[in-house]
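J.: Data: input00.cif, mmCIF, C-alpha atoms and all ligand atoms.
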data_target
#
loop_
_atom_site.label_atom_id
_atom_site.label_comp_id
_atom_site.auth_asym_id
_atom_site.auth_seq_id
_atom_site.Cartn_x
_atom_site.Cartn_y
_atom_site.Cartn_z
CA MET A 1 -21.04 -18.82 -21.60
CA GLN A 2 -18.36 -21.53 -21.50
CA ILE A 3 -17.27 -23.33 -24.68
CA ALA A 4 -15.11 -26.49 -24.82
CA VAL A 5 -12.70 -26.26 -27.74
CA PHE A 6 -11.45 -29.70 -28.83
CA SER A 7 -8.38 -30.52 -30.95
CA ALA A 8 -7.12 -27.08 -29.93
CA ARG A 9 -3.67 -26.31 -31.31
CA PRO A 10 -1.75 -23.18 -30.29
CA TYR A 11 -2.88 -21.41 -33.49
CA ASP A 12 -6.55 -22.18 -32.70
CA ARG A 13 -6.12 -20.57 -29.27
CA ARG A 14 -4.38 -17.55 -30.75
CA PHE A 15 -6.96 -16.76 -33.41
CA LEU A 16 -10.06 -17.62 -31.32
CA ASP A 17 -8.76 -15.51 -28.41
CA GLU A 18 -8.01 -12.60 -30.76
CA ALA A 19 -11.52 -12.76 -32.26
CA ASN A 20 -13.07 -13.08 -28.79
CA GLN A 21 -11.15 -10.02 -27.54
CA ARG A 22 -12.19 -8.00 -30.59
CA ASP A 23 -15.80 -8.88 -29.81
CA ALA A 24 -15.48 -8.43 -26.03
CA SER A 25 -17.97 -5.54 -26.17
CA ARG A 26 -20.64 -8.13 -27.04
CA GLY A 27 -19.95 -10.01 -23.80
CA GLY A 28 -17.16 -12.33 -24.92
CA PHE A 29 -17.11 -16.07 -24.31
CA ALA A 30 -15.05 -18.28 -21.99
CA PHE A 31 -13.14 -20.76 -24.15
CA VAL A 32 -11.78 -23.85 -22.41
CA TYR A 33 -9.12 -25.44 -24.62
CA PHE A 34 -8.41 -29.17 -24.87
CA ASP A 35 -5.59 -30.60 -26.99
CA VAL A 36 -7.38 -33.93 -27.32
CA ALA A 37 -9.83 -34.76 -30.07
CA LEU A 38 -13.51 -35.16 -29.20
CA ASP A 39 -14.67 -38.76 -28.99
CA VAL A 40 -16.80 -40.85 -26.69
CA HIS A 41 -14.00 -40.92 -24.07
CA THR A 42 -13.32 -37.17 -24.04
CA ALA A 43 -16.90 -35.89 -24.35
CA ALA A 44 -17.15 -35.61 -20.55
CA LEU A 45 -14.56 -32.80 -20.64
CA ALA A 46 -17.37 -30.58 -21.95
CA GLN A 47 -19.07 -30.71 -18.54
CA ASP A 48 -20.38 -27.20 -17.66
CA CYS A 49 -20.01 -26.03 -21.26
CA ALA A 50 -23.02 -24.93 -23.33
CA ALA A 51 -21.18 -25.57 -26.59
CA VAL A 52 -18.32 -27.50 -28.12
CA CYS A 53 -16.07 -26.13 -30.84
CA VAL A 54 -14.59 -28.85 -33.04
CA PHE A 55 -12.49 -29.55 -36.13
CA VAL A 56 -12.36 -32.06 -38.98
CA ASN A 57 -11.16 -35.11 -37.07
CA ASP A 58 -13.33 -34.75 -33.99
CA ARG A 59 -16.02 -37.43 -33.83
CA LEU A 60 -19.61 -36.31 -33.54
CA ASP A 61 -21.40 -39.60 -34.07
CA GLY A 62 -24.54 -40.65 -32.20
CA PRO A 63 -22.88 -41.87 -28.96
CA VAL A 64 -20.71 -38.72 -28.72
CA LEU A 65 -23.66 -36.38 -29.36
CA HIS A 66 -25.70 -38.20 -26.70
CA ALA A 67 -22.77 -37.95 -24.25
CA LEU A 68 -22.41 -34.22 -24.95
CA HIS A 69 -26.13 -33.63 -24.55
CA ALA A 70 -26.09 -35.51 -21.23
CA VAL A 71 -23.47 -33.11 -19.79
CA GLY A 72 -25.45 -30.06 -20.89
CA VAL A 73 -23.99 -29.21 -24.33
CA ARG A 74 -26.57 -27.63 -26.64
CA ALA A 75 -24.45 -26.39 -29.55
CA VAL A 76 -21.76 -27.75 -31.88
CA LEU A 77 -19.55 -25.19 -33.63
CA LEU A 78 -17.49 -26.59 -36.48
CA ARG A 79 -14.29 -24.69 -37.27
CA CYS A 80 -14.46 -26.11 -40.80
CA ALA A 81 -16.66 -26.29 -43.88
CA GLY A 82 -17.20 -30.07 -44.13
CA PHE A 83 -19.63 -31.66 -41.67
CA ASN A 84 -19.31 -35.31 -42.72
CA ASN A 85 -18.13 -36.12 -39.15
CA VAL A 86 -21.48 -35.09 -37.58
CA ASP A 87 -24.50 -37.41 -37.29
CA LEU A 88 -27.04 -34.75 -38.23
CA ALA A 89 -30.06 -37.01 -37.63
CA VAL A 90 -29.02 -37.53 -34.00
CA ALA A 91 -28.16 -33.82 -33.62
CA LYS A 92 -31.64 -32.95 -34.85
CA ALA A 93 -33.31 -35.47 -32.54
CA LEU A 94 -31.42 -33.91 -29.60
CA ASP A 95 -32.31 -30.39 -30.82
CA LEU A 96 -28.62 -29.43 -30.93
CA PHE A 97 -27.58 -26.24 -32.71
CA VAL A 98 -24.95 -27.15 -35.32
CA ALA A 99 -23.15 -24.48 -37.33
CA ARG A 100 -20.10 -24.50 -39.59
CA VAL A 101 -17.84 -22.10 -41.42
CA PRO A 102 -19.06 -22.60 -44.98
CA ALA A 103 -16.39 -20.49 -46.64
CA TYR A 104 -13.08 -19.10 -45.52
CA SER A 105 -10.46 -18.08 -47.98
CA PRO A 106 -11.19 -20.71 -50.65
CA GLU A 107 -8.04 -19.35 -52.28
CA ALA A 108 -6.00 -20.73 -49.35
CA VAL A 109 -6.93 -24.32 -50.26
CA ALA A 110 -6.71 -23.65 -54.01
CA GLU A 111 -3.21 -22.20 -53.60
CA HIS A 112 -2.17 -25.25 -51.60
CA ALA A 113 -3.44 -27.52 -54.39
CA LEU A 114 -1.25 -25.49 -56.75
CA ALA A 115 1.71 -25.82 -54.38
CA LEU A 116 1.32 -29.61 -54.40
CA VAL A 117 1.08 -29.74 -58.19
CA MET A 118 4.10 -27.48 -58.69
CA THR A 119 6.20 -29.34 -56.12
CA LEU A 120 5.50 -32.78 -57.56
CA ASN A 121 5.73 -31.65 -61.17
CA ARG A 122 9.07 -29.86 -60.80
CA GLN A 123 10.40 -31.95 -57.89
CA THR A 124 11.33 -28.84 -55.90
CA HIS A 125 11.27 -30.84 -52.64
CA ARG A 126 13.99 -33.12 -54.02
CA ALA A 127 15.92 -30.23 -55.58
CA TYR A 128 15.97 -28.45 -52.20
CA ASN A 129 17.65 -31.40 -50.48
CA ARG A 130 19.95 -32.13 -53.40
CA VAL A 131 21.36 -28.62 -53.64
CA ARG A 132 21.92 -28.44 -49.88
CA GLU A 133 24.07 -31.57 -50.21
CA GLY A 134 26.09 -30.02 -52.99
CA ASN A 135 24.48 -32.16 -55.70
CA PHE A 136 23.61 -30.00 -58.69
CA MET A 137 22.67 -32.83 -61.09
CA LEU A 138 19.28 -32.43 -62.81
CA ASP A 139 18.64 -36.13 -63.46
CA GLY A 140 15.28 -37.14 -61.97
CA LEU A 141 13.99 -33.58 -61.76
CA LEU A 142 12.42 -33.43 -65.21
CA GLY A 143 8.94 -31.88 -65.13
CA ARG A 144 6.26 -30.90 -67.64
CA THR A 145 5.33 -27.36 -68.72
CA LEU A 146 1.86 -26.83 -67.26
CA HIS A 147 0.91 -24.17 -69.80
CA GLY A 148 -1.37 -25.85 -72.36
CA ARG A 149 -2.05 -28.94 -70.23
CA THR A 150 -5.56 -29.99 -69.23
CA VAL A 151 -6.74 -29.71 -65.63
CA GLY A 152 -9.97 -31.40 -64.54
CA ILE A 153 -11.74 -29.93 -61.51
CA ILE A 154 -14.25 -32.24 -59.80
CA GLY A 155 -16.57 -29.99 -57.77
CA THR A 156 -16.69 -26.44 -59.07
CA GLY A 157 -17.88 -24.79 -55.85
CA LYS A 158 -15.92 -22.09 -54.02
CA ILE A 159 -12.56 -23.89 -53.81
CA GLY A 160 -12.94 -25.60 -57.18
CA LEU A 161 -13.63 -22.24 -58.81
CA ALA A 162 -10.62 -20.62 -57.14
CA THR A 163 -8.46 -23.53 -58.32
CA ALA A 164 -9.88 -23.32 -61.84
CA ARG A 165 -9.06 -19.57 -61.99
CA ILE A 166 -5.44 -20.23 -60.98
CA PHE A 167 -4.90 -22.91 -63.62
CA LYS A 168 -6.70 -20.85 -66.25
CA GLY A 169 -4.31 -18.00 -65.40
CA MET A 170 -1.39 -20.37 -66.01
CA GLY A 171 -2.61 -21.09 -69.51
CA CYS A 172 -4.10 -24.51 -68.81
CA ILE A 173 -7.24 -25.90 -70.45
CA VAL A 174 -9.73 -26.23 -67.60
CA LEU A 175 -12.52 -28.84 -67.45
CA GLY A 176 -15.10 -28.99 -64.67
CA HIS A 177 -17.52 -31.63 -63.48
CA ASP A 178 -20.25 -30.83 -60.97
CA PRO A 179 -23.82 -32.18 -60.84
CA TYR A 180 -24.91 -28.78 -59.43
CA PRO A 181 -22.77 -26.45 -61.54
CA SER A 182 -22.40 -22.76 -60.79
CA ALA A 183 -22.76 -20.26 -63.61
CA ALA A 184 -19.43 -18.71 -62.56
CA PHE A 185 -17.49 -21.69 -63.95
CA GLY A 186 -18.80 -20.99 -67.45
CA GLY A 187 -16.34 -18.17 -68.05
CA ILE A 188 -13.35 -20.24 -66.94
CA GLY A 189 -13.63 -23.70 -68.42
CA ASP A 190 -15.79 -26.34 -70.08
CA ARG A 191 -18.34 -28.34 -68.17
CA VAL A 192 -18.04 -32.06 -69.01
CA GLY A 193 -19.22 -35.39 -67.64
CA LEU A 194 -17.03 -37.22 -65.13
CA ASP A 195 -15.86 -39.86 -67.63
CA GLU A 196 -14.80 -37.25 -70.18
CA LEU A 197 -12.97 -35.26 -67.50
CA LEU A 198 -11.08 -38.34 -66.31
CA ALA A 199 -10.17 -39.33 -69.87
CA ARG A 200 -8.90 -35.88 -70.91
CA ALA A 201 -7.26 -34.36 -67.83
CA ASP A 202 -3.50 -34.42 -67.21
CA ILE A 203 -4.24 -33.25 -63.66
CA VAL A 204 -7.43 -34.24 -61.80
CA SER A 205 -8.13 -32.11 -58.71
CA LEU A 206 -10.89 -33.05 -56.24
CA HIS A 207 -12.99 -30.27 -54.68
CA CYS A 208 -16.35 -31.90 -53.96
CA PRO A 209 -17.63 -32.69 -50.46
CA LEU A 210 -17.54 -36.20 -48.97
CA THR A 211 -21.05 -37.65 -49.10
CA PRO A 212 -22.33 -41.23 -49.46
CA GLU A 213 -22.48 -40.45 -53.22
CA THR A 214 -18.86 -39.24 -53.49
CA HIS A 215 -17.29 -41.83 -51.13
CA HIS A 216 -14.49 -43.57 -53.10
CA LEU A 217 -15.32 -41.51 -56.19
CA ILE A 218 -11.75 -42.36 -57.16
CA ASN A 219 -11.60 -46.15 -57.26
CA ASP A 220 -10.19 -48.88 -59.54
CA ALA A 221 -12.74 -48.10 -62.28
CA SER A 222 -12.29 -44.31 -62.27
CA LEU A 223 -8.48 -44.65 -62.07
CA ALA A 224 -8.61 -46.93 -65.12
CA ARG A 225 -10.44 -44.18 -67.02
CA MET A 226 -7.73 -41.60 -66.24
CA LYS A 227 -5.02 -40.77 -68.75
CA PRO A 228 -1.91 -42.93 -68.17
CA GLY A 229 0.64 -40.82 -66.29
CA ALA A 230 -1.93 -38.29 -65.02
CA MET A 231 -1.67 -36.58 -61.64
CA LEU A 232 -4.37 -36.92 -58.98
CA VAL A 233 -4.71 -34.14 -56.38
CA ASN A 234 -6.95 -34.40 -53.33
CA THR A 235 -7.25 -31.40 -51.01
CA SER A 236 -10.90 -32.11 -50.19
CA ARG A 237 -11.61 -35.17 -48.02
CA GLY A 238 -9.69 -38.44 -47.76
CA GLY A 239 -12.78 -40.61 -48.19
CA LEU A 240 -13.16 -39.46 -51.80
CA VAL A 241 -10.25 -41.73 -52.71
CA ASP A 242 -9.91 -45.50 -52.29
CA THR A 243 -6.33 -45.55 -51.03
CA HIS A 244 -5.77 -49.22 -51.92
CA ALA A 245 -6.95 -48.62 -55.49
CA VAL A 246 -4.56 -45.67 -55.78
CA ILE A 247 -1.68 -47.80 -54.50
CA ARG A 248 -2.51 -50.42 -57.16
CA ALA A 249 -2.55 -47.72 -59.88
CA LEU A 250 0.81 -46.34 -58.67
CA LYS A 251 2.38 -49.81 -58.56
CA ALA A 252 1.10 -50.49 -62.11
CA ARG A 253 2.83 -47.20 -63.18
CA ARG A 254 -0.53 -45.99 -64.55
CA LEU A 255 -1.10 -43.13 -62.11
CA GLY A 256 1.77 -40.72 -62.74
CA HIS A 257 1.63 -38.65 -59.53
CA LEU A 258 -0.47 -38.47 -56.40
CA ALA A 259 -0.68 -35.34 -54.24
CA ILE A 260 -2.89 -35.47 -51.16
CA ASP A 261 -3.53 -33.08 -48.30
CA VAL A 262 -6.22 -35.36 -46.87
CA TYR A 263 -6.21 -39.09 -46.20
CA GLU A 264 -9.03 -41.47 -45.40
CA GLN A 265 -7.49 -42.64 -42.11
CA GLU A 266 -6.00 -39.25 -41.28
CA SER A 267 -7.71 -38.94 -37.88
CA ALA A 268 -5.19 -41.45 -36.45
CA LEU A 269 -2.22 -39.48 -37.84
CA PHE A 270 -2.73 -35.86 -38.76
CA PHE A 271 -2.33 -32.87 -36.43
CA GLN A 272 -0.02 -34.92 -34.16
CA ASP A 273 3.76 -35.26 -33.84
CA LEU A 274 4.35 -38.98 -34.44
CA SER A 275 7.99 -38.58 -35.46
CA GLY A 276 9.15 -40.80 -32.59
CA GLU A 277 6.43 -43.40 -33.05
CA ILE A 278 5.98 -46.50 -35.19
CA ILE A 279 3.15 -45.84 -37.63
CA ASP A 280 0.97 -48.93 -37.97
CA ASP A 281 -1.01 -47.77 -41.00
CA GLU A 282 0.35 -50.04 -43.75
CA ALA A 283 -1.42 -48.21 -46.59
CA PHE A 284 -0.01 -44.85 -45.47
CA GLN A 285 3.47 -46.34 -45.12
CA ARG A 286 3.21 -47.85 -48.62
CA LEU A 287 2.26 -44.44 -50.01
CA MET A 288 5.38 -42.99 -48.39
CA THR A 289 7.59 -45.34 -50.42
CA PHE A 290 6.60 -43.86 -53.81
CA PRO A 291 8.82 -41.07 -55.12
CA ASN A 292 5.88 -39.68 -57.11
CA VAL A 293 3.62 -39.24 -54.08
CA MET A 294 3.42 -36.12 -51.96
CA VAL A 295 1.41 -35.97 -48.74
CA THR A 296 0.77 -32.94 -46.56
CA GLY A 297 -1.13 -33.16 -43.27
CA HIS A 298 -4.37 -31.29 -44.00
CA GLN A 299 -2.79 -27.86 -44.21
CA GLY A 300 -4.75 -26.47 -47.17
CA PHE A 301 -6.68 -24.11 -44.90
CA PHE A 302 -3.59 -23.07 -42.92
CA THR A 303 -3.06 -19.38 -43.65
CA VAL A 304 -3.34 -16.39 -41.33
CA GLU A 305 -6.22 -15.02 -43.40
CA ALA A 306 -8.19 -18.27 -43.31
CA LEU A 307 -7.67 -18.75 -39.55
CA GLN A 308 -8.83 -15.18 -38.89
CA GLU A 309 -11.96 -15.79 -40.96
CA ILE A 310 -12.67 -19.16 -39.31
CA SER A 311 -12.45 -17.58 -35.84
CA ALA A 312 -14.56 -14.54 -36.74
CA ILE A 313 -17.30 -16.67 -38.35
CA THR A 314 -17.25 -19.17 -35.46
CA LEU A 315 -17.72 -16.27 -33.03
CA GLY A 316 -20.63 -14.98 -35.13
CA ASN A 317 -22.24 -18.45 -35.10
CA LEU A 318 -21.78 -18.60 -31.33
CA GLN A 319 -23.40 -15.18 -30.91
CA ASP A 320 -26.39 -16.38 -32.98
CA PHE A 321 -26.70 -19.43 -30.73
CA ALA A 322 -26.37 -17.38 -27.53
CA ALA A 323 -28.98 -14.87 -28.73
CA GLY A 324 -31.36 -17.60 -29.99
CA ARG A 325 -31.16 -16.07 -33.47
CA VAL A 326 -31.53 -17.87 -36.79
CA CYS A 327 -27.98 -18.68 -37.96
CA ALA A 328 -27.17 -18.50 -41.66
CA ASN A 329 -24.42 -21.10 -41.14
CA ALA A 330 -26.57 -23.65 -39.30
CA VAL A 331 -26.28 -27.17 -40.71
CA GLY A 332 -29.14 -29.61 -41.12
CA THR A 333 -30.91 -28.84 -37.89
CA GLY A 334 -31.17 -25.07 -38.15
P1 LIG A 401 -18.64 -25.88 -52.00
O1 LIG A 401 -19.88 -26.40 -51.34
O2 LIG A 401 -18.56 -24.43 -52.34
O3 LIG A 401 -18.37 -26.70 -53.35
C1 LIG A 401 -18.49 -28.09 -53.45
C2 LIG A 401 -18.98 -28.38 -54.85
O4 LIG A 401 -18.97 -29.80 -55.03
C3 LIG A 401 -20.42 -27.91 -55.10
O5 LIG A 401 -20.48 -27.08 -56.25
C4 LIG A 401 -21.19 -29.21 -55.30
O6 LIG A 401 -22.26 -29.07 -56.24
C5 LIG A 401 -20.10 -30.12 -55.82
N1 LIG A 401 -20.44 -31.53 -55.76
C6 LIG A 401 -21.31 -32.17 -54.93
N2 LIG A 401 -21.37 -33.48 -55.26
C7 LIG A 401 -20.53 -33.66 -56.31
C8 LIG A 401 -20.17 -34.79 -57.09
N3 LIG A 401 -20.72 -36.00 -56.87
N4 LIG A 401 -19.28 -34.62 -58.10
C9 LIG A 401 -18.75 -33.41 -58.35
N5 LIG A 401 -19.06 -32.30 -57.64
C10 LIG A 401 -19.93 -32.43 -56.63
O7 LIG A 401 -17.44 -26.32 -51.04
P2 LIG A 401 -15.96 -25.72 -51.01
O8 LIG A 401 -15.91 -24.62 -50.01
O9 LIG A 401 -15.48 -25.49 -52.37
O10 LIG A 401 -15.16 -26.95 -50.35
C11 LIG A 401 -15.01 -28.16 -51.05
C12 LIG A 401 -14.44 -29.20 -50.10
O11 LIG A 401 -13.11 -28.85 -49.75
C13 LIG A 401 -15.16 -29.30 -48.73
O12 LIG A 401 -16.26 -30.16 -48.79
C14 LIG A 401 -14.11 -29.82 -47.81
O13 LIG A 401 -14.24 -31.22 -47.76
C15 LIG A 401 -12.78 -29.44 -48.51
N6 LIG A 401 -11.95 -28.53 -47.72
C16 LIG A 401 -10.63 -28.87 -47.48
C17 LIG A 401 -9.80 -28.02 -46.77
C18 LIG A 401 -8.36 -28.35 -46.49
O14 LIG A 401 -7.74 -27.73 -45.60
N7 LIG A 401 -7.73 -29.26 -47.23
C19 LIG A 401 -10.32 -26.77 -46.22
C20 LIG A 401 -11.68 -26.48 -46.59
C21 LIG A 401 -12.46 -27.34 -47.30
#
Show this structure as structure tokens.

T.:
Amino acid sequence: MQIAVFSARPYDRRFLDEANQRDASRGGFAFVYFDVALDVHTAALAQDCAAVCVFVNDRLDGPVLHALHAVGVRAVLLRCAGFNNVDLAVAKALDLFVARVPAYSPEAVAEHALALVMTLNRQTHRAYNRVREGNFMLDGLLGRTLHGRTVGIIGTGKIGLATARIFKGMGCIVLGHDPYPSAAFGGIGDRVGLDELLARADIVSLHCPLTPETHHLINDASLARMKPGAMLVNTSRGGLVDTHAVIRALKARRLGHLAIDVYEQESALFFQDLSGEIIDDEAFQRLMTFPNVMVTGHQGFFTVEALQEISAITLGNLQDFAAGRVCANAVGTG
């Protein structure tokens, strides 16, 4: 069976090929790798493939799903947890198999959230450059001791829990908000309403999925409810945050720090080398001008362990599809 892998970076090839070779006894699959993202123009590349394997910024809206179906594709394998980029109603109408990787090293993303907080708080990125230039002045590098500070976790699922455990271990007071709370959070922190979390937290970290309900969860009104000088961290999905509202809060000196690994318009930027290009996204360029903003290009998941898990689970999902079995990781249509 041939599978078209879109948005395939060298590390995707490496880990998918390794997983495929490990499972060769079960027949193995023929992966055809494409660097380009899946959209209505590239869907035809999946000709002769029974399945497509995609990532966060591939488009799987109605027209793309119809185009894939027309060339014979019957399965969509997401190499990620979120599935906000798939039109599930159309997938269901076309009887497409859709499966995701619901969990892979939640600690990888949680640890990246911590890395962002620590970097921005202690300015280690600036210290690194300063010391290399022979400047050993400390002015501008003043941080806050995190021990004893309050961290608010919005979405206390797998990644939110892992993040909460880390901050609890650092001696922080942990608050959590989740309309569908897990019992596991009870032993780590206090469950509170969203308004109370925003009002009390020194650091607000987003770990809920992007849904119509959570779109622009962070907007002018919610930013106004946050503590002056607080830090906002988003390692979940860009659409949770209204970028223009955040820029207004930064300009007003109300939002103290912003750390993001995801960005609402990231599909035009992330996972590409644009260092020689002019970037037209004015909001992104404005964010880059703030010294108290740190952006990474959706690398929260990017550890060896997580990539191995993603590949192994994707292979398992593919085997379920090939065998016509019920798949535990099927989304919406399964
Ligand atoms: P999960 O499904 O285990 O947890 C999500 C939690 O959010 C659930 O407990 C759910 O009840 C809660 N939630 C739903 N609506 C909410 C709302 N309105 N307010 C507060 N909480 C709400 O998912 P997991 O594995 O923890 O992943 C969370 C998100 O992280 C994913 O949806 C994905 O967007 C993002 N992610 C980012 C990665 C990166 O590389 N930066 C990698 C993997 C996931």

J.: Given the choices A:Ile153, A:Cys172, A:Ala268, A:Ala249, which gets closest to ligand LIG 401 (chain A) if the distance is worked out from all atoms listed in the file?

T.: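 Answer, going by the shortest atom-to-atom distance: A:Ile153.
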
J.: Please determine, counting only C-alpha atoms and all ligand atoms, which residue among A:Glu133, A:Glu111, A:Glu282, A:Asp320 has the shortest atom-to-atom distance to ligand LIG 401 (chain A).

T.: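 Among A:Glu133, A:Glu111, A:Glu282, A:Asp320, it is A:Glu111 that comes nearest to ligand LIG 401 (chain A).
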
J.: Excluding region 209-214 of chain A and residues on its chain fewer than 4 positions from it, collect all residues at most 8 Å away from it, counting all atoms listed in the file, and give them as a VMD selection string.

T.: chain A and resid 82 84 155 236 to 237 239 to 240

J.: Can I get the selected residues back with C-alpha atoms, as a PDB file, keeping the file's coordinate frame?

T.:
ATOM      1  CA  GLY A  82     -17.200 -30.070 -44.130  1.00  0.00           C
ATOM      2  CA  ASN A  84     -19.310 -35.310 -42.720  1.00  0.00           C
ATOM      3  CA  GLY A 155     -16.570 -29.990 -57.770  1.00  0.00           C
ATOM      4  CA  SER A 236     -10.900 -32.110 -50.190  1.00  0.00           C
ATOM      5  CA  ARG A 237     -11.610 -35.170 -48.020  1.00  0.00           C
ATOM      6  CA  GLY A 239     -12.780 -40.610 -48.190  1.00  0.00           C
ATOM      7  CA  LEU A 240     -13.160 -39.460 -51.800  1.00  0.00           C
TER       8      LEU A 240
END

J.: Ligand LIG 401 (chain A): which residues are within 7 Å, counting all atoms listed in the file? Reply as a short mmCIF file (atom, residue, chain, number, x, y, z; two decimals) with C-alpha atoms, keeping the file's coordinate frame.

T.:
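Printed below is part_31.cif as written:
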data_model
loop_
_atom_site.label_atom_id
_atom_site.label_comp_id
_atom_site.auth_asym_id
_atom_site.auth_seq_id
_atom_site.Cartn_x
_atom_site.Cartn_y
_atom_site.Cartn_z
CA CYS A 80 -14.46 -26.11 -40.80
CA ALA A 81 -16.66 -26.29 -43.88
CA GLY A 82 -17.20 -30.07 -44.13
CA PRO A 102 -19.06 -22.60 -44.98
CA ALA A 103 -16.39 -20.49 -46.64
CA PRO A 106 -11.19 -20.71 -50.65
CA VAL A 109 -6.93 -24.32 -50.26
CA ILE A 154 -14.25 -32.24 -59.80
CA GLY A 155 -16.57 -29.99 -57.77
CA THR A 156 -16.69 -26.44 -59.07
CA GLY A 157 -17.88 -24.79 -55.85
CA LYS A 158 -15.92 -22.09 -54.02
CA ILE A 159 -12.56 -23.89 -53.81
CA GLY A 160 -12.94 -25.60 -57.18
CA HIS A 177 -17.52 -31.63 -63.48
CA ASP A 178 -20.25 -30.83 -60.97
CA PRO A 179 -23.82 -32.18 -60.84
CA TYR A 180 -24.91 -28.78 -59.43
CA PRO A 181 -22.77 -26.45 -61.54
CA SER A 182 -22.40 -22.76 -60.79
CA HIS A 207 -12.99 -30.27 -54.68
CA CYS A 208 -16.35 -31.90 -53.96
CA PRO A 209 -17.63 -32.69 -50.46
CA LEU A 210 -17.54 -36.20 -48.97
CA GLU A 213 -22.48 -40.45 -53.22
CA THR A 214 -18.86 -39.24 -53.49
CA THR A 235 -7.25 -31.40 -51.01
CA SER A 236 -10.90 -32.11 -50.19
CA ARG A 237 -11.61 -35.17 -48.02
CA ASP A 261 -3.53 -33.08 -48.30
CA VAL A 262 -6.22 -35.36 -46.87
CA HIS A 298 -4.37 -31.29 -44.00
CA GLN A 299 -2.79 -27.86 -44.21
CA GLY A 300 -4.75 -26.47 -47.17
CA PHE A 301 -6.68 -24.11 -44.90
CA PHE A 302 -3.59 -23.07 -42.92
#

J.: Give the answer as one residue: which of A:Thr303, A:Phe284, A:Ala330, A:His257 has the shortest atom-to-atom distance to Ser105 (chain A), using all atoms listed in the file?

T.: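 Looking at the shortest contact to Ser105 (chain A), the residue is A:Thr303.
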
J.: Using all atoms listed in the file, which of the listed residues (A:Glu18, A:Glu264, A:Asp61, A:Glu107) sits closest to Ala162 (chain A)?

T.: A:Glu107

J.: Pick the closest to Gly171 (chain A) from A:Gly148, A:Gly193, A:Gly187, A:Gly134: which is it, counting all atoms listed in the file?

T.: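 Result for the nearest residue to Gly171 (chain A): A:Gly148.
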
J.: Residues near Pro291 (chain A), anyone? I mean within 12 Å using only C-alpha atoms, not counting same-chain ones fewer than 4 positions away, as a list of chain:residue names.

T.: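 Counting only the stated atoms, we get A:Leu120, A:Asn121, A:Gln123, A:His125, A:Arg126, A:Gly140, A:Leu141, A:Leu250, A:Lys251, A:Arg253, A:Gly256, A:His257, A:Leu258, A:Ala259, A:Arg286, A:Leu287, A:Val295.
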
J.: Do you know which residues are at most 10 Å from Gly316 (chain A) counting only C-alpha atoms, after dropping those on the same chain fewer than 3 positions away, and could you put them as a list in words?

T.: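 Within the cut-off, the hits are Ala19, Asp23, Val101, Ile310, Ser311, Ala312, Ile313, Gln319, Asp320, Phe321, Ala322, Cys327, Ala328 and Asn329 of chain A.
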
J.: Have a look at CA of Thr145 (chain A) and CA of Ile203 (chain A) and let me know their distance in Å, one decimal.

T.: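 According to the coordinates, CA of Thr145 (chain A) and CA of Ile203 (chain A) are separated by 12.3 Å.
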
J.: Tell me, as a list of chain:residue names, which residues lie within 8 Å of Asp48 (chain A), counting all atoms listed in the file; anything in the same chain fewer than 6 positions away does not count.

T.: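 The neighbour list is A:Gln2, A:Val71, A:Gly72, A:Val73.
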
J.: Here is a test: counting only C-alpha atoms, which residue of A:Leu16, A:Ile218, A:Val151, A:Ala283 is nearest to Leu197 (chain A)?

T.: A:Val151

J.: Report, in Å to a single decimal, how far apart CA of Asn85 (chain A) and CA of Gly324 (chain A) are.

T.: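 Interatomic distance here is 24.5 Å.
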
J.: For a test of reading the model, state the distance in Å between CA of Ala4 (chain A) and CA of Thr42 (chain A), rounded to one decimal.

T.: 10.9 Å

J.: Give me the residues within 12 Å of Thr150 (chain A) as number ranges by chain, counting all atoms listed in the file and dropping any in the same chain fewer than 2 places off.

T.: A: 144-148, 152-153, 164, 167-168, 170-176, 189-190, 196-205, 227, 230-231
